[in-house]
$ cat entry01.cif   # mmCIF, C-alpha atoms and all ligand atoms
data_run
#
loop_
_atom_site.label_atom_id
_atom_site.label_comp_id
_atom_site.auth_asym_id
_atom_site.auth_seq_id
_atom_site.Cartn_x
_atom_site.Cartn_y
_atom_site.Cartn_z
CA MET A 275 152.69 23.47 -32.38
CA PRO A 276 150.87 26.39 -34.00
CA ALA A 277 149.42 28.97 -31.67
CA ASN A 278 145.78 29.93 -31.45
CA LEU A 279 144.25 26.49 -31.42
CA PRO A 280 140.74 26.58 -29.98
CA PRO A 281 139.80 24.79 -26.74
CA GLU A 282 137.82 22.18 -28.75
CA TYR A 283 141.10 21.05 -30.25
CA PHE A 284 142.68 20.38 -26.87
CA GLN A 285 139.54 18.70 -25.66
CA ALA A 286 139.65 16.36 -28.68
CA GLU A 287 143.36 15.81 -28.22
CA LYS A 288 142.74 14.69 -24.65
CA THR A 289 140.11 12.24 -25.91
CA TYR A 290 142.62 11.05 -28.50
CA ARG A 291 145.26 10.34 -25.88
CA GLN A 292 142.78 8.34 -23.83
CA ALA A 293 141.35 6.45 -26.83
CA LYS A 294 142.01 2.72 -26.80
CA THR A 295 140.64 1.36 -30.06
CA PRO A 296 141.64 2.57 -33.53
CA GLU A 297 137.99 3.54 -34.13
CA GLU A 298 138.01 5.84 -31.10
CA LYS A 299 141.31 7.29 -32.23
CA VAL A 300 139.97 8.05 -35.71
CA GLU A 301 136.94 9.74 -34.21
CA ALA A 302 139.05 11.91 -31.91
CA LEU A 303 141.50 12.78 -34.70
CA GLU A 304 138.63 13.86 -36.91
CA ALA A 305 137.33 16.09 -34.14
CA MET A 306 140.83 17.58 -33.81
CA LEU A 307 140.99 18.15 -37.57
CA SER A 308 137.70 19.94 -37.73
CA ALA A 309 138.65 22.15 -34.77
CA ILE A 310 141.85 23.44 -36.38
CA PRO A 311 141.54 26.75 -38.22
CA LYS A 312 142.64 26.42 -41.84
CA HIS A 313 145.63 28.55 -42.71
CA LYS A 314 149.24 28.16 -43.65
CA GLY A 315 150.47 27.96 -40.08
CA THR A 316 148.45 24.80 -39.47
CA ASP A 317 149.30 22.98 -42.73
CA LYS A 318 151.82 20.63 -41.19
CA LEU A 319 149.68 19.75 -38.20
CA ARG A 320 146.69 19.00 -40.42
CA ALA A 321 148.78 16.82 -42.72
CA LEU A 322 150.12 14.92 -39.73
CA LEU A 323 146.65 14.34 -38.32
CA ARG A 324 145.33 13.20 -41.71
CA SER A 325 148.09 10.64 -41.99
CA LYS A 326 147.20 9.37 -38.52
CA VAL A 327 143.54 9.08 -39.51
CA ALA A 328 144.60 6.98 -42.49
CA LYS A 329 146.83 4.81 -40.32
CA PHE A 330 144.26 4.06 -37.63
CA SER A 331 141.49 3.51 -40.17
CA GLU A 332 143.61 0.94 -41.91
CA GLU A 333 144.35 -0.68 -38.60
CA SER A 334 140.67 -0.95 -37.77
CA GLN A 335 139.98 -2.35 -41.25
CA ARG A 336 142.63 -4.98 -40.72
CA LYS A 337 141.22 -5.90 -37.35
CA LEU A 338 137.81 -6.38 -38.88
CA ALA A 339 139.19 -8.33 -41.80
CA THR A 340 140.99 -10.82 -39.63
CA GLY A 341 137.82 -11.30 -37.64
CA ARG A 342 139.30 -10.59 -34.27
CA ARG A 343 136.48 -8.18 -33.69
CA VAL A 344 132.91 -9.15 -34.31
CA ASP A 345 131.01 -6.38 -35.98
CA ALA A 346 127.46 -6.99 -37.13
CA TYR A 347 127.82 -4.41 -39.88
CA TYR A 348 131.13 -5.51 -41.25
CA VAL A 349 130.77 -6.91 -44.76
CA LYS A 350 133.41 -9.46 -45.58
CA LYS A 351 134.79 -9.04 -49.07
CA GLU A 352 134.04 -11.86 -51.43
CA GLY A 353 134.64 -12.48 -55.11
CA ALA A 354 136.69 -10.32 -57.43
CA GLY A 355 135.87 -6.97 -55.85
CA GLN A 356 133.57 -5.12 -53.49
CA VAL A 357 131.30 -2.44 -54.96
CA ILE A 358 129.29 -0.29 -52.55
CA LEU A 359 126.14 1.48 -53.74
CA VAL A 360 125.96 5.10 -52.69
CA GLY A 361 122.91 7.27 -53.26
CA LEU A 362 120.11 9.35 -51.84
CA PRO A 363 116.90 7.75 -50.54
CA ASN A 364 114.79 6.01 -53.20
CA ALA A 365 117.44 6.12 -55.94
CA GLY A 366 116.93 2.39 -56.53
CA LYS A 367 120.01 0.91 -54.86
CA SER A 368 118.12 -2.00 -53.36
CA GLN A 369 116.28 -2.57 -56.63
CA LEU A 370 119.59 -2.93 -58.47
CA VAL A 371 121.05 -5.37 -55.94
CA ALA A 372 117.82 -7.37 -56.17
CA ALA A 373 118.00 -7.33 -59.99
CA VAL A 374 121.58 -8.51 -60.51
CA THR A 375 122.39 -10.65 -57.46
CA GLU A 376 120.83 -13.51 -55.54
CA ALA A 377 120.18 -11.23 -52.54
CA SER A 378 116.71 -9.85 -51.88
CA PRO A 379 117.01 -6.53 -50.08
CA ASN A 380 113.86 -4.64 -49.23
CA VAL A 381 112.71 -2.48 -52.18
CA ALA A 382 110.10 0.11 -51.25
CA ASP A 383 108.52 3.28 -52.54
CA TYR A 384 109.24 5.11 -49.27
CA PRO A 385 112.65 6.58 -48.42
CA TYR A 386 115.03 5.08 -45.85
CA SER A 387 113.72 1.60 -46.46
CA THR A 388 117.22 0.12 -46.14
CA GLN A 389 118.68 0.02 -42.64
CA ASN A 390 121.52 -2.48 -42.83
CA PRO A 391 124.18 -3.35 -45.36
CA THR A 392 123.12 -6.22 -47.63
CA PRO A 393 125.72 -7.89 -49.84
CA GLY A 394 124.92 -9.90 -52.95
CA MET A 395 127.07 -11.61 -55.59
CA MET A 396 126.76 -10.57 -59.23
CA ASN A 397 127.89 -12.94 -61.97
CA PHE A 398 130.03 -11.47 -64.69
CA GLU A 399 131.39 -13.90 -67.28
CA ASN A 400 133.53 -16.31 -65.24
CA ILE A 401 133.78 -14.27 -62.05
CA GLN A 402 131.61 -12.85 -59.29
CA ILE A 403 131.58 -9.28 -58.08
CA GLN A 404 130.18 -8.32 -54.69
CA LEU A 405 127.60 -5.53 -54.57
CA VAL A 406 126.70 -4.04 -51.20
CA ASP A 407 123.37 -2.28 -50.72
CA ILE A 408 123.53 0.30 -47.93
CA PRO A 409 121.16 2.87 -46.42
CA PRO A 410 121.04 6.31 -48.04
CA ILE A 411 124.30 8.21 -47.67
CA ILE A 412 122.61 11.17 -45.98
CA ASP A 413 121.71 10.75 -42.33
CA ARG A 414 124.83 8.71 -41.87
CA GLY A 415 125.16 10.13 -38.34
CA ALA A 416 122.87 7.37 -37.20
CA ARG A 417 125.20 4.79 -38.75
CA PRO A 418 128.62 4.85 -37.17
CA TRP A 419 129.71 1.82 -39.17
CA LEU A 420 129.25 3.44 -42.58
CA PRO A 421 132.57 5.35 -42.84
CA ASN A 422 134.66 2.23 -42.37
CA LEU A 423 132.63 0.23 -44.82
CA LEU A 424 132.93 2.89 -47.52
CA ARG A 425 136.62 3.44 -46.92
CA GLY A 426 137.30 -0.23 -47.45
CA ALA A 427 135.37 -0.51 -50.74
CA ASP A 428 137.11 -1.36 -54.00
CA LEU A 429 134.68 0.76 -55.97
CA LEU A 430 131.85 3.17 -55.23
CA LEU A 431 128.77 3.03 -57.41
CA LEU A 432 127.28 6.52 -57.22
CA MET A 433 123.62 6.12 -58.08
CA VAL A 434 121.37 8.97 -59.12
CA ASP A 435 117.66 8.89 -59.82
CA LEU A 436 117.13 10.14 -63.39
CA SER A 437 113.56 11.17 -62.62
CA GLN A 438 114.89 13.84 -60.24
CA ASP A 439 117.37 16.72 -60.40
CA THR A 440 120.70 14.95 -60.83
CA LYS A 441 123.01 17.80 -59.91
CA ILE A 442 121.60 18.13 -56.40
CA GLN A 443 122.01 14.39 -55.91
CA MET A 444 125.59 14.37 -57.15
CA GLU A 445 126.66 17.36 -55.09
CA THR A 446 125.00 15.96 -51.97
CA MET A 447 126.85 12.68 -52.40
CA PHE A 448 130.17 14.50 -52.85
CA GLU A 449 129.52 16.54 -49.71
CA GLU A 450 128.72 13.49 -47.65
CA LEU A 451 131.75 11.63 -48.96
CA GLU A 452 133.92 14.61 -48.28
CA LYS A 453 132.82 14.57 -44.64
CA LEU A 454 134.23 11.06 -44.56
CA ARG A 455 137.37 12.34 -46.34
CA ILE A 456 136.60 10.15 -49.33
CA LYS A 457 137.44 11.47 -52.78
CA PRO A 458 135.96 9.67 -55.74
CA ILE A 459 138.84 9.34 -58.21
CA GLY A 460 138.12 11.56 -61.19
CA ARG A 461 136.65 14.34 -59.09
CA LYS A 462 138.32 17.55 -60.21
CA GLU A 463 137.30 19.75 -57.36
CA SER A 464 139.91 19.53 -54.70
CA THR A 465 139.85 20.17 -50.99
CA GLU A 466 142.35 19.39 -48.32
CA GLN A 467 140.09 16.96 -46.62
CA TRP A 468 140.68 13.97 -48.87
CA VAL A 469 142.45 11.01 -47.36
CA TYR A 470 140.85 8.08 -49.12
CA HIS A 471 140.83 7.94 -52.90
CA LYS A 472 138.18 5.62 -54.26
CA LYS A 473 137.44 4.48 -57.76
CA ALA A 474 133.92 5.45 -58.74
CA LEU A 475 131.29 4.87 -61.38
CA VAL A 476 128.16 7.00 -61.82
CA VAL A 477 124.93 5.18 -62.58
CA GLY A 478 121.76 6.98 -63.67
CA ASN A 479 118.83 4.78 -62.66
CA LYS A 480 115.14 4.87 -63.64
CA GLY A 481 116.04 5.34 -67.29
CA ASP A 482 112.55 4.05 -68.08
CA VAL A 483 110.82 7.12 -66.63
CA GLU A 484 109.66 9.93 -68.88
CA GLY A 485 112.10 12.82 -68.95
CA SER A 486 115.00 10.63 -67.82
CA GLY A 487 116.76 11.00 -71.20
CA GLU A 488 117.02 14.74 -70.77
CA ASN A 489 118.35 14.35 -67.21
CA TYR A 490 120.85 11.77 -68.38
CA ARG A 491 122.22 14.12 -71.04
CA ARG A 492 122.57 16.85 -68.45
CA LEU A 493 124.33 14.46 -66.08
CA GLU A 494 126.74 13.49 -68.88
CA SER A 495 127.56 17.07 -69.77
CA GLN A 496 128.12 18.02 -66.12
CA TYR A 497 130.09 15.01 -64.91
CA GLY A 498 131.04 13.00 -68.00
CA ALA A 499 134.56 14.44 -68.00
CA GLU A 500 135.16 13.25 -64.44
CA PHE A 501 133.45 9.85 -64.35
CA PRO A 502 132.23 7.06 -66.55
CA ILE A 503 128.43 7.22 -66.52
CA VAL A 504 125.98 4.44 -67.30
CA SER A 505 122.22 4.71 -67.73
CA ILE A 506 120.06 1.85 -66.51
CA SER A 507 116.63 0.88 -65.37
CA ALA A 508 117.03 -1.53 -62.48
CA LYS A 509 113.32 -2.16 -62.53
CA GLU A 510 112.95 -2.87 -66.25
CA GLY A 511 116.35 -4.54 -66.58
CA MET A 512 117.71 -2.02 -69.07
CA GLY A 513 121.44 -1.35 -69.44
CA LEU A 514 122.45 -3.99 -66.91
CA GLU A 515 124.90 -5.83 -69.18
CA MET A 516 126.65 -2.56 -69.96
CA LEU A 517 126.74 -1.78 -66.24
CA LYS A 518 128.37 -5.13 -65.44
CA LYS A 519 131.06 -4.56 -68.05
CA GLU A 520 131.74 -1.08 -66.77
CA LEU A 521 131.94 -2.28 -63.16
CA TYR A 522 134.44 -4.89 -64.18
CA ARG A 523 136.47 -2.35 -66.14
CA ARG A 524 136.51 0.13 -63.28
CA LEU A 525 137.66 -2.48 -60.77
CA GLU A 526 140.90 -2.57 -62.77
CA ILE A 527 141.47 -6.25 -62.32
CA ILE A 528 142.59 -9.01 -64.65
CA ARG A 529 141.79 -12.71 -64.79
CA VAL A 530 144.70 -15.06 -65.19
CA HIS A 531 144.35 -18.81 -65.67
CA THR A 532 146.60 -21.47 -64.33
CA LYS A 533 147.89 -24.34 -66.40
CA ALA A 534 149.69 -27.40 -65.10
CA PRO A 535 152.42 -28.88 -67.34
CA GLY A 536 150.91 -31.18 -69.96
CA ARG A 537 147.35 -30.27 -69.01
CA LYS A 538 144.72 -27.91 -70.32
CA ALA A 539 144.30 -24.48 -68.74
CA ASP A 540 141.76 -24.06 -65.96
CA LEU A 541 139.45 -21.51 -67.55
CA GLU A 542 136.73 -21.75 -64.97
CA LYS A 543 138.31 -20.35 -61.87
CA PRO A 544 140.62 -17.54 -62.82
CA VAL A 545 143.04 -15.95 -60.39
CA ILE A 546 142.08 -12.31 -59.87
CA LEU A 547 144.92 -9.80 -59.85
CA LYS A 548 145.24 -6.04 -59.94
CA ARG A 549 145.83 -4.64 -63.42
CA GLY A 550 149.58 -4.24 -63.93
CA SER A 551 150.46 -7.41 -61.99
CA THR A 552 153.45 -9.48 -63.05
CA VAL A 553 154.22 -13.19 -63.37
CA GLU A 554 155.86 -12.88 -59.98
CA ASP A 555 152.67 -11.48 -58.39
CA PHE A 556 150.73 -14.32 -59.96
CA ALA A 557 153.12 -16.93 -58.56
CA GLN A 558 152.98 -15.34 -55.14
CA SER A 559 149.18 -15.32 -55.11
CA ILE A 560 149.14 -19.05 -55.82
CA HIS A 561 151.68 -20.23 -53.33
CA LYS A 562 154.64 -18.77 -51.53
CA ASP A 563 156.74 -21.77 -52.55
CA PHE A 564 156.10 -21.13 -56.20
CA HIS A 565 157.24 -17.62 -55.74
CA ALA A 566 160.53 -18.64 -54.16
CA LYS A 567 161.27 -21.57 -56.49
CA LEU A 568 160.01 -20.13 -59.75
CA LYS A 569 162.52 -20.73 -62.54
CA PHE A 570 160.51 -19.49 -65.47
CA ALA A 571 156.97 -19.29 -66.75
CA GLN A 572 155.30 -19.98 -70.05
CA LEU A 573 152.56 -17.75 -71.33
CA TRP A 574 149.60 -18.17 -73.64
CA GLY A 575 147.78 -14.97 -74.51
CA SER A 576 149.65 -11.70 -74.34
CA GLY A 577 153.00 -13.22 -75.35
CA LYS A 578 154.44 -12.90 -78.83
CA PHE A 579 153.62 -16.54 -79.45
CA ASP A 580 151.83 -19.29 -77.54
CA GLY A 581 153.93 -20.92 -74.88
CA GLN A 582 156.47 -18.13 -74.88
CA ARG A 583 158.90 -18.12 -71.98
CA VAL A 584 158.49 -15.01 -69.90
CA SER A 585 160.38 -13.49 -66.98
CA ARG A 586 159.13 -12.80 -63.47
CA GLU A 587 158.71 -9.14 -64.38
CA HIS A 588 156.45 -9.78 -67.36
CA ILE A 589 153.20 -7.81 -66.99
CA LEU A 590 150.12 -9.95 -67.39
CA GLU A 591 146.91 -9.18 -69.23
CA ASP A 592 143.29 -10.18 -68.82
CA GLY A 593 142.74 -13.75 -70.02
CA ASP A 594 146.39 -14.84 -69.98
CA VAL A 595 147.20 -18.47 -69.29
CA ILE A 596 150.33 -19.16 -67.25
CA GLU A 597 152.29 -22.29 -66.61
CA LEU A 598 154.75 -21.92 -63.75
CA ARG A 599 157.95 -23.96 -63.88
CA ILE A 600 159.99 -24.68 -60.82
N1 LIG A 701 110.50 3.48 -62.63
C1 LIG A 701 111.49 2.95 -61.92
N2 LIG A 701 111.37 2.82 -60.59
C2 LIG A 701 112.40 2.28 -59.91
C3 LIG A 701 113.58 1.83 -60.56
N3 LIG A 701 114.43 1.37 -59.62
C4 LIG A 701 113.80 1.50 -58.43
N4 LIG A 701 112.56 2.05 -58.61
C5 LIG A 701 111.56 2.33 -57.57
O1 LIG A 701 112.07 3.32 -56.71
C6 LIG A 701 111.66 3.07 -55.36
C7 LIG A 701 112.87 3.00 -54.46
O2 LIG A 701 113.65 1.84 -54.77
P1 LIG A 701 114.68 1.25 -53.72
O3 LIG A 701 115.50 0.24 -54.44
O4 LIG A 701 114.01 0.82 -52.49
O5 LIG A 701 115.55 2.56 -53.42
P2 LIG A 701 116.80 2.71 -52.46
O6 LIG A 701 117.80 3.55 -53.14
O7 LIG A 701 117.26 1.38 -51.98
O8 LIG A 701 116.15 3.55 -51.24
P3 LIG A 701 116.69 3.66 -49.72
O9 LIG A 701 116.86 2.27 -49.19
O10 LIG A 701 115.66 4.44 -49.03
O11 LIG A 701 117.96 4.41 -49.78
C8 LIG A 701 110.86 1.78 -55.40
O12 LIG A 701 109.50 2.11 -55.45
C9 LIG A 701 111.31 1.12 -56.70
O13 LIG A 701 110.31 0.29 -57.24
C10 LIG A 701 113.68 1.97 -61.98
O14 LIG A 701 114.65 1.60 -62.64
N5 LIG A 701 112.60 2.53 -62.60
MG MG A 702 117.32 0.59 -50.19
#
$ encode --input "entry01.cif" --output "C-alpha cells" --more "lines below"
Ligand SMILES: Nc1nc2c(ncn2[C@@H]2O[C@H](COP(=O)(O)OP(=O)(O)OP(=O)(O)O)[C@@H](O)[C@H]2O)c(=O)[nH]1
Ligand SMILES: [Mg+2]
Amino acid sequence: MPANLPPEYFQAEKTYRQAKTPEEKVEALEAMLSAIPKHKGTDKLRALLRSKVAKFSEESQRKLATGRRVDAYYVKKEGAGQVILVGLPNAGKSQLVAAVTEASPNVADYPYSTQNPTPGMMNFENIQIQLVDIPPIIDRGARPWLPNLLRGADLLLLMVDLSQDTKIQMETMFEELEKLRIKPIGRKESTEQWVYHKKALVVGNKGDVEGSGENYRRLESQYGAEFPIVSISAKEGMGLEMLKKELYRRLEIIRVHTKAPGRKADLEKPVILKRGSTVEDFAQSIHKDFHAKLKFAQLWGSGKFDGQRVSREHILEDGDVIELRI
C-alpha cells in the first residue's frame, strides 16, 4: 500500500467495502481512483482498481442483460449490433434516429430535448442494426444510467454539428468519455484512465447548412487519421446510405447463411458473427449439439470452389453459406 494517500481515498475505500451492488462498487472504486495521486508509486494500485472497475461493470451489465434487475433505462440489445449516438445538445442525434429507424424521438430546436434513451431499428440490406438516441453527453451527472449504457455499446457514433466549431465538440466528447474511462478506438492521445475500448465512427451532421463543407474538411484533417468520418444531413436525407454502410463496416460483423442438406440456402435471416469467426463458432451459435457432433462442413462463398469441405478452424467471410454435417 503506497504511503501518502489522502483521507478521501480511505473514505471511498470504506464505502467500497460496504457497497452491496456492483454499481455501488464501481462508483466507490472510481472515487478511490480519482483520489489517488498520480505517480510511479501508485501505478500498481491504480491498475488494480481499474481492473476491479472493469470487473464490476461487467457484472452489472450481465445482471441487466439477464433481466434479474429491472432498470427503466436499460436498453436491451437487438439486431446485429447496438450503436449509441453521442453528441452535444442539438447536434441532430434524435433527427438521425427519426430518419433511419421506425422510432420517433423528440426532435427540437432547443437543447436538451432528449431525456431518455430511445432505441430504433435501422434496416441495412438483410439485417437490422439498433441505434440508440440518448441525451447530450454533457450534463451526464444528472443521468446515472448513462455510463453503463455507453460501456455496453458495440459502437459509438460520435456526432458533430457541421454548422458549429467541430474541434470544440470533438474535444468535449473525448473529455466526457474519458471521465467514464471510455476510449474510442483510434484515438491516439493516451491517458491512464482508459478501461473500456469502444469502436467509434465520427458523423458530421447538418451537411446541408452553408459553411458545413469547410467545417467538414477541417474535421477530416484534424481527426481523419484516427477515425472514419462520414458527412450527412439527417434532415435532408443526405449521405445516409453511406452512413449505413460505414456503420455496418465498423461493427466488424459478418453474415453467414445456413443451408440444410439438399436444400437452398436461407439468405433471408443470416447468422451474425464477429469478423474472424470460424466454422466452429458458427456451429456453436446455431446449436450446442451441432458443435459437439460436427463432422465436417461444406462452404459456398469464400472457399476455393463451391461446396468445398472445410475444417472447424476455417475462418468465415461475409456472405458465406455453410452446410453443417454431423
Ligand atoms: N439544417 C439541419 N438541421 C438539422 C439537421 N439535423 C437536425 N437538425 C435540427 O437541429 C435541431 C436539433 O435536432 P435534434 O435531433 O433534436 O438534436 P439532438 O442532438 O437530439 O439534441 P439533444 O436531444 O438536445 O441532445 C432541430 O431543430 C433539427 O431540426 C440537419 O441535418 N440539417
Ligand atoms: Mg435529442
$ residues_around --input "entry01.cif" --residues "Ala499 of chain A" --least-positions-apart "4" --cutoff "12 Å" --atoms "only C-alpha atoms" --output "PDB file with C-alpha atoms, in the coordinates of the input"
ATOM      1  CA  ILE A 459     138.840   9.340 -58.210  1.00  0.00           C
ATOM      2  CA  GLY A 460     138.120  11.560 -61.190  1.00  0.00           C
ATOM      3  CA  ARG A 461     136.650  14.340 -59.090  1.00  0.00           C
ATOM      4  CA  LYS A 462     138.320  17.550 -60.210  1.00  0.00           C
ATOM      5  CA  VAL A 476     128.160   7.000 -61.820  1.00  0.00           C
ATOM      6  CA  LEU A 493     124.330  14.460 -66.080  1.00  0.00           C
ATOM      7  CA  GLU A 494     126.740  13.490 -68.880  1.00  0.00           C
ATOM      8  CA  SER A 495     127.560  17.070 -69.770  1.00  0.00           C
ATOM      9  CA  ILE A 503     128.430   7.220 -66.520  1.00  0.00           C
TER      10      ILE A 503
END
$ residues_near_ligand --input "entry01.cif" --ligand "ligand LIG 701 (chain A)" --cutoff "9 Å" --atoms "all atoms listed in the file" --output "PyMOL selection string"
chain A and resi 359-372+379-389+407-411+433-437+478-483+506-512
$ residues_around --input "entry01.cif" --residues "Phe448 of chain A" --least-positions-apart "4" --cutoff "8 Å" --atoms "all atoms listed in the file" --output "list in words"
Met444, Glu452 and Lys457 of chain A
$ closest_residue --input "entry01.cif" --among "A:Leu547, A:Ala302, A:Ile456, A:Arg529" --to "Gly575 of chain A" --atoms "all atoms listed in the file"
A:Arg529
$ closest_atom_pairs --input "entry01.cif" --of "segment 471-546 of chain A" --to "segment 347-354 of chain A" --cutoff "12 Å" --atoms "all atoms listed in the file" --output "JSON lines"
{"residue": "A:Leu521", "atom": "CA", "partner": "A:Ala354", "partner_atom": "CA", "distance": 11.0}
{"residue": "A:Tyr522", "atom": "CA", "partner": "A:Ala354", "partner_atom": "CA", "distance": 9.0}
{"residue": "A:Arg523", "atom": "CA", "partner": "A:Ala354", "partner_atom": "CA", "distance": 11.8}
{"residue": "A:Arg524", "atom": "CA", "partner": "A:Ala354", "partner_atom": "CA", "distance": 12.0}
{"residue": "A:Leu525", "atom": "CA", "partner": "A:Ala354", "partner_atom": "CA", "distance": 8.6}
{"residue": "A:Glu526", "atom": "CA", "partner": "A:Ala354", "partner_atom": "CA", "distance": 10.3}
{"residue": "A:Ile527", "atom": "CA", "partner": "A:Ala354", "partner_atom": "CA", "distance": 8.0}
{"residue": "A:Ile528", "atom": "CA", "partner": "A:Ala354", "partner_atom": "CA", "distance": 9.4}
{"residue": "A:Arg529", "atom": "CA", "partner": "A:Ala354", "partner_atom": "CA", "distance": 9.3}
{"residue": "A:Lys543", "atom": "CA", "partner": "A:Gly353", "partner_atom": "CA", "distance": 11.0}
{"residue": "A:Pro544", "atom": "CA", "partner": "A:Ala354", "partner_atom": "CA", "distance": 9.8}
{"residue": "A:Val545", "atom": "CA", "partner": "A:Ala354", "partner_atom": "CA", "distance": 9.0}
{"residue": "A:Ile546", "atom": "CA", "partner": "A:Ala354", "partner_atom": "CA", "distance": 6.2}
$ atom_distance --input "entry01.cif" --atom1 "atom CA of Pro391 of chain A" --atom2 "atom CA of Leu454 of chain A"
17.6 Å
$ closest_residue --input "entry01.cif" --among "A:Ala377, A:Ile358, A:His588, A:Gly426" --to "Leu475 of chain A" --atoms "only C-alpha atoms"
A:Ile358
$ closest_residue --input "entry01.cif" --among "A:Val300, A:Val406, A:Leu598, A:Met516" --to "ligand MG 702 (chain A)" --atoms "only C-alpha atoms and all ligand atoms"
A:Val406
$ axis_aligned_box --input "entry01.cif" --around "segment 367-377 of chain A" --padding-each-side "4 Å" --output "JSON"
{"center_x": 119.3, "center_y": -6.3, "center_z": -56.5, "size_x": 14.1, "size_y": 22.4, "size_z": 16.0}
$ residues_around --input "entry01.cif" --residues "Thr295 of chain A" --least-positions-apart "3" --cutoff "9 Å" --atoms "only C-alpha atoms" --output "JSON, numbers by chain"
{"A": [298, 299, 300, 330, 334]}
$ closest_residue --input "entry01.cif" --among "A:Glu399, A:Glu332, A:Lys326, A:Pro393" --to "ligand MG 702 (chain A)" --atoms "only C-alpha atoms and all ligand atoms"
A:Pro393
$ atom_distance --input "entry01.cif" --atom1 "atom CA of Ala571 of chain A" --atom2 "atom CA of Val553 of chain A"
7.5 Å
$ atom_distance --input "entry01.cif" --atom1 "atom CA of Lys533 of chain A" --atom2 "atom CA of Glu597 of chain A"
4.9 Å
